[in-house]
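Student: This is model.txt, which holds compact mmCIF, C-alpha atoms and all ligand atoms:
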# COMPACT_ATOMS: atom_id res chain seq x y z
CA MET A 1 -5.92 9.01 15.63
CA CYS A 2 -7.25 6.67 18.26
CA HIS A 3 -10.08 4.27 17.67
CA PRO A 4 -11.52 1.60 19.94
CA GLU A 5 -11.00 -1.09 17.32
CA SER A 6 -7.28 -0.47 16.93
CA PRO A 7 -5.94 0.72 20.28
CA SER A 8 -2.70 -1.23 20.20
CA LEU A 9 -1.57 -1.18 16.58
CA ASP A 10 2.16 -1.63 16.73
CA PRO A 11 4.14 -1.58 13.49
CA TRP A 12 6.83 -3.78 14.96
CA SER A 13 4.62 -6.35 16.62
CA TYR A 14 4.83 -8.66 13.65
CA ILE A 15 7.12 -8.62 10.64
CA PRO A 16 6.01 -11.37 8.27
CA VAL A 17 7.74 -12.51 5.13
CA VAL A 18 5.33 -14.01 2.62
CA THR A 19 6.43 -15.99 -0.37
CA SER A 20 4.12 -16.42 -3.32
CA GLU A 21 4.69 -18.35 -6.48
CA PRO A 22 3.38 -16.19 -9.30
CA SER A 23 3.72 -17.90 -12.66
CA GLY A 24 5.80 -20.60 -11.02
CA ALA A 25 8.57 -18.18 -9.98
CA ALA A 26 9.06 -17.47 -6.28
CA ALA A 27 8.67 -13.87 -5.14
CA THR A 28 9.45 -12.50 -1.72
CA ILE A 29 7.26 -10.01 0.11
CA ALA A 30 9.30 -8.39 2.87
CA GLN A 31 8.94 -5.40 5.16
CA ILE A 32 11.18 -2.47 4.22
CA PRO A 33 13.54 -1.45 7.05
CA THR A 34 13.96 2.26 7.81
CA ARG A 35 17.56 2.20 6.63
CA ASP A 36 16.32 1.45 3.10
CA TRP A 37 14.27 4.67 2.84
CA ARG A 38 16.06 5.74 -0.35
CA ASP A 39 14.96 2.56 -2.13
CA LEU A 40 11.37 3.14 -1.02
CA ARG A 41 11.52 6.79 -2.14
CA ASP A 42 12.87 5.80 -5.56
CA ALA A 43 10.23 3.10 -6.08
CA ARG A 44 7.41 5.38 -4.89
CA LEU A 45 8.50 8.24 -7.15
CA ARG A 46 8.82 5.79 -10.06
CA ALA A 47 5.24 4.64 -9.44
CA LEU A 48 3.88 8.19 -9.16
CA ALA A 49 5.71 9.32 -12.32
CA ALA A 50 4.51 6.34 -14.36
CA GLU A 51 0.91 6.20 -13.04
CA PRO A 52 -0.10 9.79 -12.18
CA ASP A 53 -3.83 8.98 -12.34
CA ALA A 54 -3.70 5.90 -10.10
CA PHE A 55 -2.98 7.54 -6.77
CA GLY A 56 -4.47 10.19 -4.51
CA THR A 57 -1.16 12.04 -4.20
CA SER A 58 1.24 13.30 -6.86
CA TRP A 59 4.90 12.92 -7.85
CA GLU A 60 5.31 16.67 -7.33
CA ALA A 61 4.11 16.40 -3.72
CA ASP A 62 6.09 13.32 -2.75
CA ARG A 63 9.20 14.67 -4.49
CA GLN A 64 9.23 17.38 -1.79
CA LEU A 65 9.40 14.93 1.11
CA THR A 66 12.58 15.07 3.16
CA ALA A 67 14.80 12.20 4.24
CA ALA A 68 13.35 12.57 7.73
CA GLN A 69 9.80 12.24 6.38
CA TRP A 70 10.63 9.07 4.44
CA GLN A 71 12.28 7.63 7.55
CA GLU A 72 9.26 8.65 9.62
CA THR A 73 6.79 6.85 7.38
CA LEU A 74 8.90 3.70 7.56
CA THR A 75 9.14 3.96 11.33
CA SER A 76 5.46 4.73 11.97
CA ASN A 77 3.93 2.43 9.36
CA ALA A 78 4.71 -0.89 7.72
CA TRP A 79 5.87 -0.75 4.10
CA TYR A 80 6.43 -3.90 2.10
CA ARG A 81 8.21 -4.62 -1.14
CA ALA A 82 7.69 -7.44 -3.59
CA SER A 83 10.83 -8.82 -5.15
CA ALA A 84 11.19 -11.46 -7.81
CA ASP A 85 14.93 -11.86 -7.19
CA GLY A 86 14.97 -11.11 -3.47
CA ALA A 87 16.60 -7.68 -3.84
CA SER A 88 14.75 -5.61 -6.44
CA TYR A 89 11.72 -3.40 -5.81
CA ASP A 90 9.17 -4.96 -8.18
CA GLY A 91 6.24 -3.77 -6.08
CA ILE A 92 5.52 -1.70 -2.98
CA VAL A 93 2.60 -1.23 -0.61
CA ALA A 94 2.00 0.54 2.70
CA LEU A 95 0.07 -0.43 5.79
CA LEU A 96 -0.70 2.95 7.33
CA LEU A 97 -1.28 1.88 10.89
CA HIS A 98 -2.21 5.25 12.35
CA ASP A 99 -4.26 6.54 9.40
CA VAL A 100 -7.47 5.12 10.84
CA GLU A 101 -10.80 6.27 9.38
CA PRO A 102 -14.12 6.51 11.27
CA ASP A 103 -14.90 2.94 10.17
CA GLY A 104 -11.98 1.84 12.36
CA ALA A 105 -9.80 0.33 9.66
CA PRO A 106 -6.11 1.12 9.13
CA GLN A 107 -5.19 1.85 5.52
CA LEU A 108 -3.63 -0.12 2.73
CA GLY A 109 -2.02 2.49 0.46
CA SER A 110 0.45 3.22 -2.32
CA MET A 111 0.03 -0.22 -3.92
CA TRP A 112 2.14 -0.50 -7.07
CA VAL A 113 3.56 -3.35 -9.16
CA ASP A 114 6.21 -2.80 -11.84
CA PRO A 115 4.56 -3.31 -15.27
CA ALA A 116 7.07 -6.09 -16.05
CA HIS A 117 5.72 -8.11 -13.11
CA ARG A 118 1.96 -7.53 -13.37
CA HIS A 119 -0.67 -10.25 -13.61
CA SER A 120 1.54 -12.67 -11.70
CA GLY A 121 0.00 -12.32 -8.28
CA LEU A 122 2.29 -9.77 -6.65
CA ALA A 123 -0.52 -7.40 -5.70
CA ARG A 124 -2.45 -10.26 -4.17
CA ALA A 125 0.62 -11.41 -2.24
CA MET A 126 1.24 -7.90 -0.92
CA CYS A 127 -2.44 -7.60 0.11
CA THR A 128 -2.00 -10.86 2.00
CA ALA A 129 1.09 -9.57 3.83
CA VAL A 130 -0.54 -6.27 4.75
CA ALA A 131 -3.78 -7.91 5.88
CA GLU A 132 -1.89 -10.41 8.02
CA HIS A 133 0.21 -7.66 9.59
CA ALA A 134 -2.89 -5.57 10.34
CA ARG A 135 -4.74 -8.56 11.80
CA ARG A 136 -1.84 -9.50 14.08
CA ALA A 137 -1.55 -5.87 15.14
CA GLY A 138 -5.14 -5.95 16.37
CA ALA A 139 -7.19 -4.60 13.46
CA ARG A 140 -10.45 -6.31 12.51
CA SER A 141 -10.74 -4.69 9.10
CA LEU A 142 -8.51 -3.07 6.48
CA GLY A 143 -9.48 -0.11 4.32
CA LEU A 144 -8.24 1.78 1.28
CA TRP A 145 -9.21 4.67 -0.98
CA LEU A 146 -9.46 3.89 -4.69
CA VAL A 147 -9.49 6.51 -7.45
CA VAL A 148 -12.67 6.10 -9.51
CA GLY A 149 -11.80 4.59 -12.89
CA ASN A 150 -8.80 2.52 -11.73
CA ASP A 151 -10.33 -0.68 -13.05
CA ALA A 152 -7.24 -2.92 -12.75
CA ALA A 153 -6.79 -2.05 -9.09
CA GLU A 154 -10.53 -2.39 -8.46
CA ARG A 155 -10.46 -5.93 -9.86
CA ALA A 156 -7.39 -6.82 -7.82
CA TYR A 157 -8.95 -5.51 -4.59
CA ILE A 158 -12.36 -7.11 -5.21
CA SER A 159 -10.58 -10.36 -6.00
CA PHE A 160 -8.90 -10.10 -2.59
CA GLY A 161 -12.23 -9.50 -0.83
CA PHE A 162 -12.47 -5.71 -0.57
CA ARG A 163 -15.95 -4.22 -1.04
CA TYR A 164 -17.14 -0.63 -1.44
CA SER A 165 -18.33 0.94 1.81
CA GLY A 166 -20.22 3.79 0.14
CA ALA A 167 -17.89 6.52 1.42
CA GLU A 168 -16.28 8.94 -1.06
CA LYS A 169 -13.83 11.84 -0.83
CA PRO A 170 -11.87 14.11 -3.19
CA ALA A 171 -8.27 13.16 -4.00
CA PRO A 172 -5.63 15.31 -2.26
CA ARG A 173 -3.85 15.97 -5.57
CA ASP A 174 -7.02 17.18 -7.34
CA PRO A 175 -10.39 17.83 -5.67
CA SER A 176 -12.22 17.00 -8.93
CA VAL A 177 -10.92 13.41 -8.71
CA VAL A 178 -13.15 11.16 -6.59
CA MET A 179 -11.83 8.39 -4.37
CA ARG A 180 -14.09 5.62 -3.10
CA ARG A 181 -13.62 3.68 0.12
CA MET A 182 -13.14 -0.09 0.08
CA VAL A 183 -12.96 -2.29 3.19
CA VAL A 184 -12.25 -5.95 3.86
CA ALA A 185 -12.90 -7.81 7.11
CA LEU A 186 -9.83 -9.53 8.58
C1 LIG B 1 -3.33 -2.73 -9.68
C2 LIG B 1 -2.00 -3.46 -9.65
C3 LIG B 1 -1.34 -3.18 -8.32
C4 LIG B 1 -2.27 -4.97 -9.79
O1 LIG B 1 -1.04 -5.64 -9.64
P1 LIG B 1 -0.82 -7.16 -10.16
O2 LIG B 1 0.37 -7.69 -9.46
O3 LIG B 1 -0.82 -7.16 -11.63
O4 LIG B 1 -2.14 -7.87 -9.64
P2 LIG B 1 -2.26 -9.44 -9.39
O5 LIG B 1 -1.45 -10.16 -10.40
O6 LIG B 1 -2.02 -9.77 -7.95
O7 LIG B 1 -3.79 -9.65 -9.73
C5 LIG B 1 -4.80 -9.59 -8.75
C6 LIG B 1 -6.12 -9.65 -9.43
O8 LIG B 1 -6.35 -8.44 -10.18
C7 LIG B 1 -6.64 -8.75 -11.53
N1 LIG B 1 -5.92 -7.77 -12.34
C8 LIG B 1 -4.70 -7.28 -12.13
N2 LIG B 1 -4.39 -6.38 -13.07
C9 LIG B 1 -5.45 -6.33 -13.90
C10 LIG B 1 -5.74 -5.60 -15.09
N3 LIG B 1 -4.87 -4.72 -15.63
N4 LIG B 1 -6.93 -5.78 -15.67
C11 LIG B 1 -7.80 -6.64 -15.16
N5 LIG B 1 -7.59 -7.35 -14.05
C12 LIG B 1 -6.43 -7.20 -13.43
C13 LIG B 1 -6.14 -10.12 -11.79
O9 LIG B 1 -6.97 -10.75 -12.73
C14 LIG B 1 -6.22 -10.78 -10.43
O10 LIG B 1 -7.49 -11.33 -10.24
P3 LIG B 1 -7.74 -12.89 -10.36
O11 LIG B 1 -6.42 -13.52 -10.60
O12 LIG B 1 -8.39 -13.28 -9.10
O13 LIG B 1 -8.62 -12.97 -11.56
C15 LIG B 1 -1.08 -3.00 -10.81
O14 LIG B 1 -1.78 -3.08 -12.02
C16 LIG B 1 -0.53 -1.60 -10.64
O15 LIG B 1 0.50 -1.38 -10.02
N6 LIG B 1 -1.24 -0.60 -11.22
C17 LIG B 1 -0.78 0.80 -11.18
C18 LIG B 1 -0.82 1.39 -9.78
C19 LIG B 1 -2.18 1.28 -9.14
O16 LIG B 1 -3.20 1.42 -9.79
N7 LIG B 1 -2.18 1.05 -7.81
C20 LIG B 1 -3.38 0.96 -7.02
C21 LIG B 1 -3.63 2.26 -6.33
S1 LIG B 1 -5.05 2.13 -5.25
Produce structure tokens that represent the structure in this file.
Ligand SMILES: CC(C)(COP(=O)(O)OP(=O)(O)OC[C@H]1O[C@@H](n2cnc3c(N)ncnc32)[C@H](O)[C@@H]1OP(=O)(O)O)[C@@H](O)C(=O)NCCC(=O)NCCS

Tutor:
Amino acid sequence: MCHPESPSLDPWSYIPVVTSEPSGAAATIAQIPTRDWRDLRDARLRALAAEPDAFGTSWEADRQLTAAQWQETLTSNAWYRASADGASYDGIVALLLHDVEPDGAPQLGSMWVDPAHRHSGLARAMCTAVAEHARRAGARSLGLWLVVGNDAAERAYISFGFRYSGAEKPAPRDPSVVMRRMVVAL
């Protein structure tokens, strides 16, 4: 979808590596290359299985995705992983560069941190990486859809600077579940 605010979003225009120091231990935030699609699939399915209420989509739906579809999302978008030891998938997040809403913002999506690594700043570090990537790719704002009632994620996003825009929509996995739009200026 084209939008005047993001005419030249290019997933490969900038590939940052951000290092945070949660709880004094270094963690690496790095973009996931297409060749590592199996690792992304496994982490995403782990997140969906463990936190079925947190996301707009379901384990059952993403379980059906083909190898080509996982490769396509890595090619078309920018996925990041957080890793405490430099190799593990302790968190994932997507910058969906072409999923632009009428407000002109590309999407932050699929944010997840392994329970063993929560409250140590990984979500914040991944937000920083995604926001920086979006900004360097030409976006002036970054959006997301948050399931109503996901208080931990709400606090994390508000802490990063996201605010509710007022827009709502039903979740793809269940139309009775409401998602609310949050946006942050870059
Ligand atoms: C939401 C989630 C990503 C936060 O990850 P995290 O790495 O623990 O978050 P951080 O350590 O970076 O914390 C960021 C801010 O959120 C707050 N926060 C994080 N988890 C919280 C919780 N369970 N309760 C209250 N506040 C929380 C922190 O206090 C921090 O704010 P502050 O330090 O400025 O006070 C993680 O809990 C998660 O993966 N949840 C399940 C999946 C999910 O809900 N994803 C979001 C879908 S939109």

Student: Kindly assemble as CSV a list of the chain A residues that lie within 9 Å of ligand LIG 1 (chain B), each paired with its nearest atom pair and their distance in Å to one decimal, using only C-alpha atoms and all ligand atoms, sorted first by chain and then by ascending residue number.

Tutor:
residue,atom,partner,partner_atom,distance
A:Pro22,CA,B:LIG1,O5,7.8
A:Ala47,CA,B:LIG1,C18,6.9
A:Leu48,CA,B:LIG1,C18,8.3
A:Ala50,CA,B:LIG1,C17,8.3
A:Glu51,CA,B:LIG1,C17,6.0
A:Pro52,CA,B:LIG1,C18,8.8
A:Asp53,CA,B:LIG1,O16,8.0
A:Ala54,CA,B:LIG1,O16,4.5
A:Phe55,CA,B:LIG1,C21,5.3
A:Gly56,CA,B:LIG1,S1,8.1
A:Gly91,CA,B:LIG1,O15,7.4
A:Ile92,CA,B:LIG1,O15,8.7
A:Val93,CA,B:LIG1,C3,8.9
A:Leu108,CA,B:LIG1,S1,8.4
A:Gly109,CA,B:LIG1,S1,6.5
A:Ser110,CA,B:LIG1,C21,5.8
A:Met111,CA,B:LIG1,N7,4.7
A:Trp112,CA,B:LIG1,O15,3.5
A:Val113,CA,B:LIG1,O15,3.7
A:Asp114,CA,B:LIG1,O15,6.2
A:Pro115,CA,B:LIG1,O15,6.9
A:His117,CA,B:LIG1,O2,6.5
A:Arg118,CA,B:LIG1,O3,3.3
A:His119,CA,B:LIG1,O5,3.3
A:Ser120,CA,B:LIG1,O5,4.1
A:Gly121,CA,B:LIG1,O6,3.3
A:Leu122,CA,B:LIG1,O2,4.0
A:Ala123,CA,B:LIG1,O6,3.6
A:Arg124,CA,B:LIG1,O6,3.8
A:Ala125,CA,B:LIG1,O6,6.5
A:Met126,CA,B:LIG1,O6,8.0
A:Cys127,CA,B:LIG1,O6,8.4
A:Leu144,CA,B:LIG1,S1,7.3
A:Trp145,CA,B:LIG1,S1,6.5
A:Leu146,CA,B:LIG1,S1,4.8
A:Val147,CA,B:LIG1,S1,6.6
A:Asn150,CA,B:LIG1,O16,6.0
A:Asp151,CA,B:LIG1,N4,6.7
A:Ala152,CA,B:LIG1,C10,3.9
A:Ala153,CA,B:LIG1,C1,3.6
A:Glu154,CA,B:LIG1,C1,7.3
A:Arg155,CA,B:LIG1,O8,4.8
A:Ala156,CA,B:LIG1,O8,3.0
A:Tyr157,CA,B:LIG1,O8,6.8
A:Ile158,CA,B:LIG1,O8,7.9
A:Ser159,CA,B:LIG1,O12,4.8
A:Phe160,CA,B:LIG1,O12,7.3

Student: Using all atoms listed in the file, which residue out of A:Gly161, A:Pro172, A:Asp39, A:Asp90 lies closest to A:Ala67?

Tutor: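 Comparing A:Gly161, A:Pro172, A:Asp39, A:Asp90 against A:Ala67, the winner is A:Asp39.
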
Student: Could you name the residues that touch A:Thr73 at 10 Å or less, counting all atoms listed in the file, but leaving out those on the same chain fewer than 4 positions away, as a PyMOL selection string?

Tutor: chain A and resi 34+37+68-69+77-79+94+96

Student: Quick one: 3 Å padding each side, axis-aligned, all listed atoms of stretch 145-161 of chain A - centre and edge lengths in Å to one decimal, as lines of an AutoDock Vina configuration file?

Tutor:
center_x = -9.7
center_y = -1.9
center_z = -6.9
size_x = 11.9
size_y = 22.9
size_z = 18.2

Student: Would you please work out which residue, of A:Val148, A:Leu40, A:Met179, A:Leu142, is nearest to A:Phe162 when using all atoms listed in the file?

Tutor: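 Comparing A:Val148, A:Leu40, A:Met179, A:Leu142 against A:Phe162, the winner is A:Leu142.
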
Student: So what do you get for atom CA of A:Ala87 versus atom CA of A:Arg38, distance-wise?

Tutor: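 Computed distance, atom CA of A:Ala87 to atom CA of A:Arg38, equals 13.9 Å.
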
Student: Report the distance between atom CA of A:Leu45 and atom CA of A:Trp59 in Å, rounded to one decimal place.

Tutor: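 The value is 5.9 Å.
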
Student: Using all atoms listed in the file, pick whichever of A:Leu97, A:Val178, A:Ala116, A:Ala84 has the shortest atom-to-atom distance to A:Ala134.

Tutor: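 Closest to A:Ala134, using all atoms listed in the file: A:Leu97.
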
Student: At what distance in Å, to one decimal, does atom CA of A:Gln71 lie from atom CA of A:Val183?

Tutor: 27.5 Å

Student: May I ask which of the residues A:Met182, A:Ala30, A:Val130, A:Ala61 is the closest one to A:Glu168, counting only C-alpha atoms?

Tutor: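 Closest to A:Glu168, using only C-alpha atoms: A:Met182.
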
Student: Could you tell me which of A:Asp103, A:Ile29, A:Arg140, A:Val177 comes closest to A:Ala82 if we count only C-alpha atoms?

Tutor: A:Ile29

Student: What would stretch 32-43 of chain A look like with N, CA, C and O atoms in place, written as a compact mmCIF listing (two decimals), keeping the file's coordinate frame?

Tutor:
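Saved the output as out-v9.txt:
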# COMPACT_ATOMS: atom_id res chain seq x y z
N ILE A 32 10.04 -3.34 4.55
CA ILE A 32 11.18 -2.47 4.22
C ILE A 32 11.71 -1.84 5.50
O ILE A 32 10.97 -1.13 6.20
N PRO A 33 12.98 -2.07 5.84
CA PRO A 33 13.54 -1.45 7.05
C PRO A 33 13.80 0.05 6.82
O PRO A 33 14.01 0.49 5.69
N THR A 34 13.80 0.81 7.91
CA THR A 34 13.96 2.26 7.81
C THR A 34 15.24 2.65 7.09
O THR A 34 15.27 3.64 6.35
N ARG A 35 16.29 1.84 7.26
CA ARG A 35 17.56 2.20 6.63
C ARG A 35 17.49 2.20 5.09
O ARG A 35 18.32 2.80 4.42
N ASP A 36 16.46 1.54 4.56
CA ASP A 36 16.32 1.45 3.10
C ASP A 36 15.36 2.51 2.55
O ASP A 36 14.76 2.32 1.48
N TRP A 37 15.24 3.65 3.23
CA TRP A 37 14.27 4.67 2.84
C TRP A 37 14.52 5.20 1.43
O TRP A 37 13.58 5.55 0.72
N ARG A 38 15.77 5.23 1.01
CA ARG A 38 16.06 5.74 -0.35
C ARG A 38 15.47 4.82 -1.41
O ARG A 38 14.97 5.28 -2.45
N ASP A 39 15.53 3.51 -1.17
CA ASP A 39 14.96 2.56 -2.13
C ASP A 39 13.44 2.72 -2.20
O ASP A 39 12.86 2.65 -3.28
N LEU A 40 12.81 2.91 -1.03
CA LEU A 40 11.37 3.14 -1.02
C LEU A 40 11.04 4.44 -1.77
O LEU A 40 10.14 4.47 -2.62
N ARG A 41 11.76 5.50 -1.47
CA ARG A 41 11.52 6.79 -2.14
C ARG A 41 11.63 6.62 -3.66
O ARG A 41 10.74 7.07 -4.40
N ASP A 42 12.67 5.94 -4.11
CA ASP A 42 12.87 5.80 -5.56
C ASP A 42 11.73 5.00 -6.19
O ASP A 42 11.24 5.35 -7.27
N ALA A 43 11.31 3.92 -5.53
CA ALA A 43 10.23 3.10 -6.08
C ALA A 43 8.91 3.88 -6.08
O ALA A 43 8.13 3.83 -7.04
